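What follows is a single structure, written as structure tokens, with notes after it.
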Amino acid sequence: LIKKVKMQRIIYKTILLSALFISASCGDTAKKNVSSENQDKPTTNNRIYISKAQFENSNMVIGALEEKSFPTIVKANGMIDAPPENKAVINALLGGYIKTTPLLTGDNVKKGQLLVTIENPEFVSMQQQYLEVKEQLTYLKSEYERQKIMVAENITSQKNYLKAESDYHTSIATYNGLRKQLQLLNISTTQVEKGNITSVISIYSPISGSITKVNVSRGTYVSPASSIMEIIDNDHIHLELSVFEKDVLQLKKGQKINFSIPEASSDTYEAEVHLIGTAIEENRTIKVHGHLKNESESNFLIGMFVEADIITNATVSKALPETALVELDNVLYGLQLDEETKDGYYFSEQEIKVENNYGGFWAIANSQSLQNSKYLTVGAFNLLNNE
């Protein structure tokens, strides 16, 4: 019985070892078959295939590296402004009540056009005083000349002569002063001398332009310190930019400025540096004055906010459009054309090193190794992100 049991154990171990050997042999055969299949498969694992039908339907584009100018830029913010000589704040030389104000904000006016009229009884008093002094001048002049002759002949005293001279010269000064005041108030002295006295004065526009503010209405009392309205001439406008102190030494007169008005348009406009301030302001910025190109074609409004790039230098580099590169895990990649067949295109994913970005293009840092390469410049984003 013992011999029989031993024999059964030997047969069992033999069968188990045989089964393990056969299993191992099958595993090796499967591995060889898989390896053989991998060797026979086309080397397209790292490439992306796009048929020509897909290429056309998706409006894809293939392009090569281009030479582009990449400027060194100083960023600045500011506004559209007008020179001081193109702005006017309308005030009354003497206080009074607004009698007529026919204009509204936005109205265009010509130089010399009537803006408002102001009424005040004091204007009447000034004209009366002017007439009185004018009438006295005839007598005082005659008395002065008479005293001058008499003192020369020792008929009168020096004192009487000096008093006549003083009264005459004082009256001349008063007369000329009143005459000038009336002229500043736009009151005709010729009409006053004819007896046409008025209690109303007119204020006329000192410049041509458009009215930007009207601060009064009929019956409003205005003092000399009151601003009645404001006028701006838009025929000549400029950029008033603020540049940080750290960038000031890079600026020079004549440098190109590209600017936009983000709140109103996506277009970019051109200007150039005309003046650079000579004093740092409290916020550590300096004012830069820029003249617009094609100023007559613009339709800007005073006070518009602008974002500007002042171009201080420029270099030419090989570049690819922004649409050709896709950022994945903080690395930029492009799809390089490897092969074109009659049915489609094969692309390989390539890491692209860049230097800077401007105007929708990336400057390529490793362009020497990519001189003859072509890339998918439109359509790469969807392919790389859906890879």
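Convention: chains lettered A, B, ... in structure tokens order; per-chain residue numbering from 1; ligands numbered from 1 as shown.
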
Residue list (strand (DSSP E or B), DSSP) for stretch 29-195 of chain A, as a PyMOL selection string: chain A and resi 47-51+61-64+66-81+87-90+96-100+108-109+114-119

Selection: 6 Å around A:Ser317, only C-alpha atoms, excl. self and same-chain fewer than 2 positions, as a ChimeraX atom specification: /A:67-68,363

Who sits within 12 Å of A:Gln113, only C-alpha atoms, same chain under 6 positions skipped, as number ranges by chain: A: 102-103, 107, 202-210

Alpha helix (DSSP H) residues, from DSSP on the backbone, in stretch 54-303 of chain A, as a PyMOL selection string: chain A and resi 54-57+121-152+158-184+189-193

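Here the question is which of A:Ala380, A:Ile50, A:Val243, A:Val306 gets nearest to A:Thr323 using only C-alpha atoms, and that residue is A:Ala380.
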
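From atom CA of A:Asn108 back to atom CA of A:Gly290, the distance works out to 25.9 Å.
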
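The shell of residues at most 9 Å from stretch 324-340 of chain A, with only C-alpha atoms counted and near chain neighbours (fewer than 4 positions) removed, consists of Arg47, Ile48, Ile62, Gly63, Leu320, Gly344, Tyr345, Tyr346, Phe347, Ser348, Glu349, Gln350, Glu351, Ile352, Lys353, Val354, Trp362, Ser373, Lys374, Tyr375, Leu376, Thr377, Val378, Gly379, Ala380, Phe381, Leu383, Leu384 and Asn385 of chain A.
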
Residue contacts of A:His289 (12 Å, only C-alpha atoms) excluding same-chain residues fewer than 3 positions away, as an MDAnalysis selection string: chainID A and resid 76:83 237:243 251:255 257 271:278 286 292 308 310

Write a file of the just-selected residues containing N, CA and C atoms, as a tab-separated table (two decimals), in the first residue's frame.
chain	number	residue	atom	x	y	z
A	76	ALA	N	2.12	101.72	-21.80
A	76	ALA	CA	1.66	102.99	-21.22
A	76	ALA	C	0.15	103.10	-21.32
A	77	ASN	N	-0.43	103.86	-20.42
A	77	ASN	CA	-1.86	104.18	-20.46
A	77	ASN	C	-2.01	105.69	-20.51
A	78	GLY	N	-3.15	106.13	-20.98
A	78	GLY	CA	-3.38	107.57	-21.03
A	78	GLY	C	-4.74	107.90	-21.58
A	79	MET	N	-4.83	109.02	-22.26
A	79	MET	CA	-6.12	109.47	-22.77
A	79	MET	C	-5.91	110.34	-24.01
A	80	ILE	N	-7.01	110.49	-24.77
A	80	ILE	CA	-7.04	111.44	-25.87
A	80	ILE	C	-7.26	112.83	-25.28
A	81	ASP	N	-6.43	113.77	-25.69
A	81	ASP	CA	-6.54	115.12	-25.13
A	81	ASP	C	-6.33	116.15	-26.24
A	82	ALA	N	-6.57	117.39	-25.91
A	82	ALA	CA	-6.36	118.50	-26.84
A	82	ALA	C	-5.39	119.50	-26.21
A	83	PRO	N	-4.63	120.26	-27.03
A	83	PRO	CA	-3.72	121.26	-26.46
A	83	PRO	C	-4.49	122.34	-25.71
A	237	ILE	N	-5.84	116.90	-31.92
A	237	ILE	CA	-5.84	116.16	-30.67
A	237	ILE	C	-4.52	115.39	-30.56
A	238	HIS	N	-4.22	114.92	-29.37
A	238	HIS	CA	-2.98	114.19	-29.16
A	238	HIS	C	-3.18	113.15	-28.06
A	239	LEU	N	-2.14	112.35	-27.86
A	239	LEU	CA	-2.13	111.37	-26.77
A	239	LEU	C	-1.40	111.98	-25.58
A	240	GLU	N	-1.98	111.81	-24.42
A	240	GLU	CA	-1.31	112.21	-23.17
A	240	GLU	C	-1.12	110.93	-22.36
A	241	LEU	N	0.11	110.38	-22.39
A	241	LEU	CA	0.39	109.07	-21.80
A	241	LEU	C	1.19	109.21	-20.51
A	242	SER	N	1.04	108.19	-19.65
A	242	SER	CA	1.82	108.11	-18.41
A	242	SER	C	2.74	106.90	-18.50
A	243	VAL	N	4.05	107.12	-18.37
A	243	VAL	CA	5.04	106.05	-18.45
A	243	VAL	C	5.75	105.93	-17.11
A	251	LEU	N	12.97	106.00	-23.72
A	251	LEU	CA	12.14	106.80	-24.62
A	251	LEU	C	12.95	107.86	-25.36
A	252	LYS	N	12.56	108.08	-26.63
A	252	LYS	CA	13.17	109.12	-27.45
A	252	LYS	C	12.09	109.75	-28.33
A	253	LYS	N	12.31	110.99	-28.66
A	253	LYS	CA	11.39	111.69	-29.56
A	253	LYS	C	11.40	111.01	-30.92
A	254	GLY	N	10.20	110.83	-31.50
A	254	GLY	CA	10.07	110.21	-32.82
A	254	GLY	C	9.78	108.73	-32.79
A	255	GLN	N	9.82	108.08	-31.62
A	255	GLN	CA	9.53	106.65	-31.54
A	255	GLN	C	8.06	106.39	-31.87
A	257	ILE	N	4.35	104.81	-31.79
A	257	ILE	CA	3.38	104.41	-30.76
A	257	ILE	C	2.23	103.70	-31.45
A	271	ALA	N	0.78	106.55	-33.74
A	271	ALA	CA	1.19	107.89	-33.32
A	271	ALA	C	2.70	107.86	-33.15
A	272	GLU	N	3.28	108.98	-32.76
A	272	GLU	CA	4.71	109.00	-32.46
A	272	GLU	C	4.99	109.93	-31.29
A	273	VAL	N	6.07	109.64	-30.59
A	273	VAL	CA	6.45	110.43	-29.42
A	273	VAL	C	6.87	111.82	-29.89
A	274	HIS	N	6.22	112.85	-29.34
A	274	HIS	CA	6.53	114.23	-29.72
A	274	HIS	C	7.27	114.97	-28.59
A	275	LEU	N	6.81	114.79	-27.36
A	275	LEU	CA	7.45	115.43	-26.21
A	275	LEU	C	7.52	114.44	-25.06
A	276	ILE	N	8.59	114.53	-24.28
A	276	ILE	CA	8.76	113.71	-23.08
A	276	ILE	C	8.92	114.64	-21.89
A	277	GLY	N	8.13	114.42	-20.87
A	277	GLY	CA	8.18	115.27	-19.69
A	277	GLY	C	9.54	115.27	-19.03
A	278	THR	N	9.80	116.28	-18.24
A	278	THR	CA	11.10	116.41	-17.58
A	278	THR	C	11.00	116.32	-16.07
A	286	ILE	N	5.91	109.63	-15.70
A	286	ILE	CA	6.25	110.83	-16.45
A	286	ILE	C	5.29	110.96	-17.63
A	292	LEU	N	-0.75	112.09	-33.31
A	292	LEU	CA	-1.40	111.05	-34.08
A	292	LEU	C	-1.04	111.14	-35.55
A	308	ALA	N	-1.42	101.96	-24.82
A	308	ALA	CA	-0.41	102.23	-25.85
A	308	ALA	C	0.83	101.38	-25.66
A	310	ILE	N	4.76	101.78	-26.78
A	310	ILE	CA	5.80	102.64	-27.34
A	310	ILE	C	6.95	101.73	-27.77

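Comparing the minimum interatomic distances between A:Glu56 and each of A:Leu249, A:Asp343, A:Val124, A:Ile98, counting only C-alpha atoms, we find that A:Asp343 sits nearest.
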
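By only C-alpha atoms, and with residues fewer than 2 positions from stretch 230-234 of chain A along its chain excluded, the set lying at most 8 Å from it is Ala82, Asn86, Lys87, Ala88, Val89, Ile90, Ile207, Ser208, Gly209, Ser210, Ile211, Thr212, Lys213, Val214, Ser227, Ile228, His236, Ile237, Leu301 and Ile302 of chain A.
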
File of the preceding selection, N, CA and C atoms, as an mmCIF file, in the first residue's frame:
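Wrote it out as part_5.cif, contents follow:
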data_model
loop_
_atom_site.group_PDB
_atom_site.id
_atom_site.type_symbol
_atom_site.label_atom_id
_atom_site.label_comp_id
_atom_site.auth_asym_id
_atom_site.auth_seq_id
_atom_site.Cartn_x
_atom_site.Cartn_y
_atom_site.Cartn_z
ATOM 1 N N ALA A 82 -6.569 117.390 -25.911
ATOM 2 C CA ALA A 82 -6.356 118.502 -26.842
ATOM 3 C C ALA A 82 -5.393 119.497 -26.210
ATOM 4 N N ASN A 86 -6.516 124.832 -27.584
ATOM 5 C CA ASN A 86 -7.723 124.349 -28.252
ATOM 6 C C ASN A 86 -8.872 124.132 -27.274
ATOM 7 N N LYS A 87 -8.694 124.584 -26.041
ATOM 8 C CA LYS A 87 -9.751 124.486 -25.035
ATOM 9 C C LYS A 87 -10.108 125.882 -24.544
ATOM 10 N N ALA A 88 -11.352 126.081 -24.213
ATOM 11 C CA ALA A 88 -11.778 127.390 -23.697
ATOM 12 C C ALA A 88 -12.829 127.189 -22.617
ATOM 13 N N VAL A 89 -12.614 127.840 -21.470
ATOM 14 C CA VAL A 89 -13.611 127.891 -20.397
ATOM 15 C C VAL A 89 -14.205 129.296 -20.426
ATOM 16 N N ILE A 90 -15.514 129.384 -20.584
ATOM 17 C CA ILE A 90 -16.184 130.676 -20.727
ATOM 18 C C ILE A 90 -16.591 131.197 -19.352
ATOM 19 N N ILE A 207 -12.997 130.601 -29.644
ATOM 20 C CA ILE A 207 -12.456 129.611 -30.589
ATOM 21 C C ILE A 207 -13.607 128.905 -31.293
ATOM 22 N N SER A 208 -13.282 128.214 -32.363
ATOM 23 C CA SER A 208 -14.247 127.318 -33.010
ATOM 24 C C SER A 208 -14.123 125.941 -32.380
ATOM 25 N N GLY A 209 -15.223 125.228 -32.255
ATOM 26 C CA GLY A 209 -15.197 123.904 -31.652
ATOM 27 C C GLY A 209 -16.585 123.436 -31.282
ATOM 28 N N SER A 210 -16.627 122.482 -30.385
ATOM 29 C CA SER A 210 -17.912 121.965 -29.914
ATOM 30 C C SER A 210 -18.037 122.199 -28.414
ATOM 31 N N ILE A 211 -19.250 122.419 -27.978
ATOM 32 C CA ILE A 211 -19.513 122.677 -26.558
ATOM 33 C C ILE A 211 -19.522 121.346 -25.813
ATOM 34 N N THR A 212 -18.690 121.233 -24.797
ATOM 35 C CA THR A 212 -18.611 120.000 -24.019
ATOM 36 C C THR A 212 -19.339 120.095 -22.684
ATOM 37 N N LYS A 213 -19.545 121.321 -22.189
ATOM 38 C CA LYS A 213 -20.266 121.507 -20.923
ATOM 39 C C LYS A 213 -21.054 122.805 -20.971
ATOM 40 N N VAL A 214 -22.262 122.774 -20.431
ATOM 41 C CA VAL A 214 -23.056 123.979 -20.209
ATOM 42 C C VAL A 214 -23.489 123.945 -18.751
ATOM 43 N N SER A 227 -17.823 129.017 -14.063
ATOM 44 C CA SER A 227 -17.635 128.495 -15.418
ATOM 45 C C SER A 227 -19.011 128.386 -16.073
ATOM 46 N N ILE A 228 -19.208 129.181 -17.121
ATOM 47 C CA ILE A 228 -20.505 129.166 -17.803
ATOM 48 C C ILE A 228 -20.606 127.962 -18.729
ATOM 49 N N HIS A 236 -7.308 119.410 -33.646
ATOM 50 C CA HIS A 236 -5.982 118.890 -33.313
ATOM 51 C C HIS A 236 -6.049 118.231 -31.938
ATOM 52 N N ILE A 237 -5.837 116.903 -31.924
ATOM 53 C CA ILE A 237 -5.836 116.158 -30.672
ATOM 54 C C ILE A 237 -4.525 115.390 -30.559
ATOM 55 N N LEU A 301 -12.803 111.156 -29.332
ATOM 56 C CA LEU A 301 -13.375 112.152 -28.437
ATOM 57 C C LEU A 301 -12.392 112.438 -27.309
ATOM 58 N N ILE A 302 -12.374 113.695 -26.888
ATOM 59 C CA ILE A 302 -11.492 114.084 -25.787
ATOM 60 C C ILE A 302 -11.873 113.294 -24.528
#

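Residue nearest A:Lys246, chosen from A:Asn59, A:Asn313, A:Leu115, A:Val74 and counting only C-alpha atoms: A:Val74.
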
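Straight-line separation from atom CA of A:Glu322 to atom CA of A:Gly360: 5.5 Å.
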
A:Lys141 surroundings by only C-alpha atoms, 10 Å radius, close-in-sequence under 2 positions cut, as an MDAnalysis selection string: chainID A and resid 136:139 143:147 164:165 167:169 171:172

Please, could you write that set of residues out with N, CA, C and O atoms as a CSV table (one decimal), in the first residue's frame?
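Contents of the output file selection.csv:
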chain,number,residue,atom,x,y,z
A,136,GLN,N,-15.9,165.6,-18.6
A,136,GLN,CA,-15.1,166.4,-17.8
A,136,GLN,C,-13.7,166.6,-18.4
A,136,GLN,O,-13.0,167.6,-18.1
A,137,LEU,N,-13.3,165.7,-19.3
A,137,LEU,CA,-12.0,165.8,-19.9
A,137,LEU,C,-11.8,167.1,-20.7
A,137,LEU,O,-10.8,167.7,-20.7
A,138,THR,N,-12.9,167.6,-21.3
A,138,THR,CA,-12.8,168.8,-22.1
A,138,THR,C,-12.5,170.0,-21.2
A,138,THR,O,-11.6,170.8,-21.5
A,139,TYR,N,-13.2,170.1,-20.1
A,139,TYR,CA,-12.9,171.2,-19.2
A,139,TYR,C,-11.5,171.1,-18.5
A,139,TYR,O,-10.8,172.1,-18.5
A,143,GLU,N,-8.4,173.7,-18.7
A,143,GLU,CA,-7.9,174.3,-17.4
A,143,GLU,C,-6.4,174.0,-17.3
A,143,GLU,O,-5.6,174.9,-16.9
A,144,TYR,N,-6.0,172.8,-17.6
A,144,TYR,CA,-4.6,172.4,-17.6
A,144,TYR,C,-3.8,173.3,-18.5
A,144,TYR,O,-2.7,173.8,-18.1
A,145,GLU,N,-4.2,173.5,-19.8
A,145,GLU,CA,-3.5,174.3,-20.7
A,145,GLU,C,-3.4,175.7,-20.3
A,145,GLU,O,-2.4,176.4,-20.5
A,146,ARG,N,-4.5,176.3,-19.7
A,146,ARG,CA,-4.6,177.6,-19.3
A,146,ARG,C,-3.6,177.9,-18.1
A,146,ARG,O,-2.8,178.8,-18.1
A,147,GLN,N,-3.6,176.9,-17.2
A,147,GLN,CA,-2.6,177.0,-16.0
A,147,GLN,C,-1.2,176.9,-16.5
A,147,GLN,O,-0.3,177.5,-15.9
A,164,ALA,N,-4.0,171.4,-11.6
A,164,ALA,CA,-4.7,171.2,-12.9
A,164,ALA,C,-4.1,170.1,-13.7
A,164,ALA,O,-4.9,169.3,-14.4
A,165,GLU,N,-2.8,170.0,-13.6
A,165,GLU,CA,-2.2,168.9,-14.4
A,165,GLU,C,-2.6,167.5,-13.8
A,165,GLU,O,-2.9,166.6,-14.5
A,167,ASP,N,-5.3,166.7,-12.0
A,167,ASP,CA,-6.7,166.4,-12.3
A,167,ASP,C,-6.9,166.0,-13.7
A,167,ASP,O,-7.7,165.0,-14.0
A,168,TYR,N,-6.2,166.6,-14.6
A,168,TYR,CA,-6.4,166.2,-16.1
A,168,TYR,C,-5.8,164.8,-16.4
A,168,TYR,O,-6.5,164.0,-17.0
A,169,HIS,N,-4.6,164.5,-15.9
A,169,HIS,CA,-4.0,163.2,-16.1
A,169,HIS,C,-4.8,162.1,-15.4
A,169,HIS,O,-4.9,161.0,-15.9
A,171,SER,N,-8.0,162.1,-14.8
A,171,SER,CA,-9.2,161.9,-15.6
A,171,SER,C,-8.9,161.1,-16.9
A,171,SER,O,-9.8,160.2,-17.3
A,172,ILE,N,-7.8,161.4,-17.5
A,172,ILE,CA,-7.4,160.6,-18.7
A,172,ILE,C,-7.3,159.1,-18.3
A,172,ILE,O,-7.8,158.2,-19.0
